[in-house]
Amino acid sequence: GIVAAIRFLSASASRRRQALLAMSKNIRHRGPDWSAMYSTPDNTVFLGHERLALNGITSEGDQPMHVFDADGEPIISWVVNGELYNHKALAEEFGLKLDYTSDSAVVGPLFLAKGFETASLLDGKFAVAIYDHRDGTFYAGRDHMGISPMYIGYGAPGTENENAIFVSSEMKSFNDVEEVDSFEAFPPGHYLVQKADGSKQFEQWYKPRWLVDETYVPDKPADHARLRDKLHAAVEKRFMAEVPFGVLLSGGLDSSLVSSIACRVAASRNMPPLKSFVIGIKGAPDLDAAREVADFLGTDHYEFYFTAQEALDALRDVVYHIESWEQCRASVPMFLLSRRIAALGIKMVLSGEGSDEALGGYLYFHEAPSAEEFHRECVRKTSRLHLWDVNRANKATMAWGIEARVPFLDQVFLDEMMNIDPNEKTIDLSEKPDGVHPKLEKYVLRKAFDTPENPYLPENVLWRQKEQFSDGVGYDWVDSLRAYAEDEVTDEQFAARAERFPDDPPETKEYYLLRSIFEEEFAKKVKSASATVPRGRSIACSTPEALAWKEEWMNSAGDISGRAVNVHASSDGFGMDDLAMDDLTVFANGNGAGASASQKKSVAAASALPEATQQQRRQHRQQAPRTPPTARRGAPKPRAAMNGAGRVASRHLRTSTIRLH
């Protein structure tokens with residue numbers, strides 16, 4: 001992680017340095033390998049770095065970094081959080097001399113050569129802060145999707161610090177710095193320039209047409225082979241690491257495809273079998289699904305359990321680390337899993353975020369009123385990822401010093417997905433474009449990897465319905481969180497919620513609880529901190545705008561679970577659904593008299609799913625036991641031998657019960 005302060009004038013030089021050291025210490029979990037702080041001789045400019053060493057792992061890769069003049073004085077100083085996959089290509093293209101061993105070494109020489117174009121030339125995930133000693137210019141930039149978090153703080157107007165700028169990878173750094181008057185999230189795909197006189201300006205450098213042209217609706221047909229090749233390239237690019245790494249494998253489509261491609265890349269490089277990781281409450285959908293995929297791919301698979309109580313015990317820590325009251329359902333399991341992964345010595349994982357947003361993979365997309373609106377919702381979801389899944393994936397893993405890399409958000413691959421004709425993305429389970437498979441969520445992605453002659457995944461996995469992570473780790477966790485909030489928040493407190501939270505009062509007790517925790521953790525800077533959290537109701541992870549698709553959504557309190565949408569085969573018994581899954585049999589026999597049109601549509605949608613999928617969802621509807629499961633490590637299980645599809649050597653499944661509190 002990085003911190004920086006520019007034109008920081010108040011208090012003594014010692015006080016200023018101590019403030020920056022405290023800022024840096026607050027994000028040390030992001031970089032447990034080494035810490036360093038640079039300041040100019042007058043102690044008004046500070047650059048700090050908490051290092052997670054993944055490339056150039058010796059001290060030669062430590063930051064802050066500098067370009068020096070002939071007299072040994074720094075010309076350019078910089079810090080970077082992230083990974084720059086094209087650092088060697090940039091050095092070769094522009095003839096840059098790199099004096100450090102890590103990929104971050106390219107930034108200073110590139111800035112000398114290309115100036116403010118620097119951010120637009122970097123390929124990867126990054127938050128970068130650069131100080132130009134020659135004229136006092138400060139430059140900061142963030143990657144195209146905000147995969148690397150970044151916040152910018154400001155000194156108070158009318159004070160000696162009115163031109164001061166503060167930067168950090170996480171906003172918790174600002175908690176104890178009184179000179180930070182306000183702060184905000186640094187916008188993705190932008191850079192900032194501040195001149196020596198204090199004047200500053202943001203510029204957007206990432207401007208693909210799908211993002212900046214609100215009238216644009218793509219009409220390019222999906223090219224399955226090209227889509228497959230570009231995702232391959234995106235995964236292989238993210239193998240850039242000199243440390244042990246693995247894959248997060250929930251058994252869903254996205255994580256399974258990333259894992260499958262990664263296994264092929266590893267096999268082509270004669271690497272040992274990749275480690276894969278999953279977590280869930282015992283009996284959760286993800287555990288069985290991930291085990292099936294791991295068996296097929298031959299990964300060295302680790303399966304961890306947690307209980308609903310252990311998840312509840314971690315709730316406050318998770319809110320603090322992800323810096324949000326949103327997405328806690330998915331963040332808690334990821335936080336617990338990351339701790340287990342870190343204990344194994346793993347420092348980087350590949351993860352599947354981004355596909356659902358760009359391709360319309362969430363279950364509520366079934367209800368999109370038109371292809372054009374489907375596309376607009378994909379744009380809304382994708383452009384806000386830095387506030388949602390990307391924020392969660394980065395901070396929940398970095399809480400334990402693990403970096404999550406997301407191939408689906410590779411710039412090249414993302415632009416490919418976002419420029420596909422939305423008519424090919426829309427969902428219609430009554431349609432079978434290939435004559436075999438219903439047009440499920442993310443059909444174009446499934447079809448791109450539907451290669452029976454050399455399969456990437458088992459057929460039933462490739463064509464399995466979407467399961468959101470917070471649901472997939474165990475419905476008992478989601479239901480327990482709701483029940484816990486019901487117990488913790490009194491009816492009187494909830495009735496007076498508009499007095500406690502006058503700005504966008506929470507509509508459920510769950511969100512009242514989570515927001516209360518957030519405001520307690522960030523009490524010193526609560527106004528700025530709260531403003532960084534997205535607002536608005538959601539159905540099954542929709543944007544607030546998508547609620548207009550259905551009148552009953554507009555009139556509900558909303559719920560982010562995929563079970564809130566009737567097309568999910570585990571919706572029965574969930575608060576927003578009035579149709580039991582078991583009624584499918586009745587409707588299938590033609591006895592659906594009296595059902596509403598929406599019920600009939602829901603039944604038709606669920607009935608179109610493969611029977612194996614329907615049966616699996618019925619089984620997983622049953623609540624998992626709340627008693628702590630017994631730790632177990634089974635004897636080695638034989639797995640399939642290597643084949644041309646990229647399977648790796650036989651390994652054994654590793655299972656354990658998580659014990660954290």
# chains A, B, ... in the order shown; residues from 1 in each chain; ligands from 1

call {"tool": "residues_around", "arguments": {"residues": "segment 38-44 of chain A", "least_positions_apart": "6", "cutoff": "8 Å", "atoms": "only C-alpha atoms", "output": "ChimeraX atom specification"}}
result
/A:5-9,13,16-17,64

call {"tool": "write_last_selection", "arguments": {"atoms": "N, CA and C atoms", "output": "short mmCIF file (atom, residue, chain, number, x, y, z; two decimals), in the first residue's frame"}}
result
data_model
loop_
_atom_site.label_atom_id
_atom_site.label_comp_id
_atom_site.auth_asym_id
_atom_site.auth_seq_id
_atom_site.Cartn_x
_atom_site.Cartn_y
_atom_site.Cartn_z
N ALA A 5 1.93 12.65 1.18
CA ALA A 5 1.47 13.98 1.58
C ALA A 5 2.30 14.99 0.80
N ILE A 6 1.63 15.93 0.19
CA ILE A 6 2.29 16.94 -0.64
C ILE A 6 1.91 18.32 -0.11
N ARG A 7 2.91 19.17 0.05
CA ARG A 7 2.70 20.53 0.57
C ARG A 7 2.03 20.51 1.94
N PHE A 8 2.55 19.62 2.78
CA PHE A 8 2.09 19.45 4.15
C PHE A 8 2.91 20.39 5.03
N LEU A 9 2.27 21.42 5.58
CA LEU A 9 3.03 22.50 6.20
C LEU A 9 2.84 22.64 7.71
N ALA A 13 8.27 19.59 11.81
CA ALA A 13 8.70 18.56 10.85
C ALA A 13 8.56 17.18 11.46
N ARG A 16 4.90 16.13 11.47
CA ARG A 16 4.43 15.76 10.14
C ARG A 16 4.89 14.35 9.78
N ARG A 17 6.14 14.06 10.07
CA ARG A 17 6.65 12.71 9.76
C ARG A 17 5.90 11.65 10.58
N PRO A 64 10.00 3.80 -1.41
CA PRO A 64 9.91 4.64 -2.60
C PRO A 64 11.14 4.49 -3.51
#

call {"tool": "select_by_dssp", "arguments": {"residues": "segment 243-295 of chain A", "states": "alpha helix (DSSP H)", "output": "PyMOL selection string"}}
result
chain A and resi 253-268+285-295

call {"tool": "select_by_dssp", "arguments": {"residues": "segment 297-514 of chain A", "states": "strand (DSSP E or B)", "output": "VMD selection string"}}
result
chain A and resid 300 to 305 348 to 350 403 to 405 420 428 439

call {"tool": "closest_residue", "arguments": {"among": "A:Gly153, A:Gly352, A:Pro502, A:Gly361", "to": "Ser173 of chain A", "atoms": "only C-alpha atoms"}}
result
A:Gly153

call {"tool": "residues_around", "arguments": {"residues": "Asp504 of chain A", "least_positions_apart": "2", "cutoff": "10 Å", "atoms": "only C-alpha atoms", "output": "list in words"}}
result
Arg497, Ala498, Phe501, Pro502, Pro506, Glu507, Arg535, Gly536 and Arg537 of chain A

call {"tool": "write_last_selection", "arguments": {"atoms": "C-alpha atoms", "output": "tab-separated table (two decimals), in the first residue's frame"}}
result
chain	number	residue	atom	x	y	z
A	497	ARG	CA	-33.56	5.18	11.85
A	498	ALA	CA	-34.13	8.45	9.98
A	501	PHE	CA	-29.14	8.17	9.68
A	502	PRO	CA	-30.86	11.19	8.10
A	506	PRO	CA	-31.23	1.99	5.99
A	507	GLU	CA	-34.29	0.00	4.92
A	535	ARG	CA	-26.18	4.25	-1.84
A	536	GLY	CA	-29.52	2.97	-3.05
A	537	ARG	CA	-31.61	-0.17	-2.89

call {"tool": "atom_distance", "arguments": {"atom1": "atom CA of Gly136 of chain A", "atom2": "atom CA of Tyr151 of chain A"}}
result
21.0 Å

call {"tool": "residues_around", "arguments": {"residues": "Ile165 of chain A", "least_positions_apart": "5", "cutoff": "12 Å", "atoms": "only C-alpha atoms", "output": "NGL selection string"}}
result
:A and (3-9 or 44-47 or 129 or 131 or 137-140 or 151-157 or 174 or 179-184 or 186 or 192-196 or 198-200)
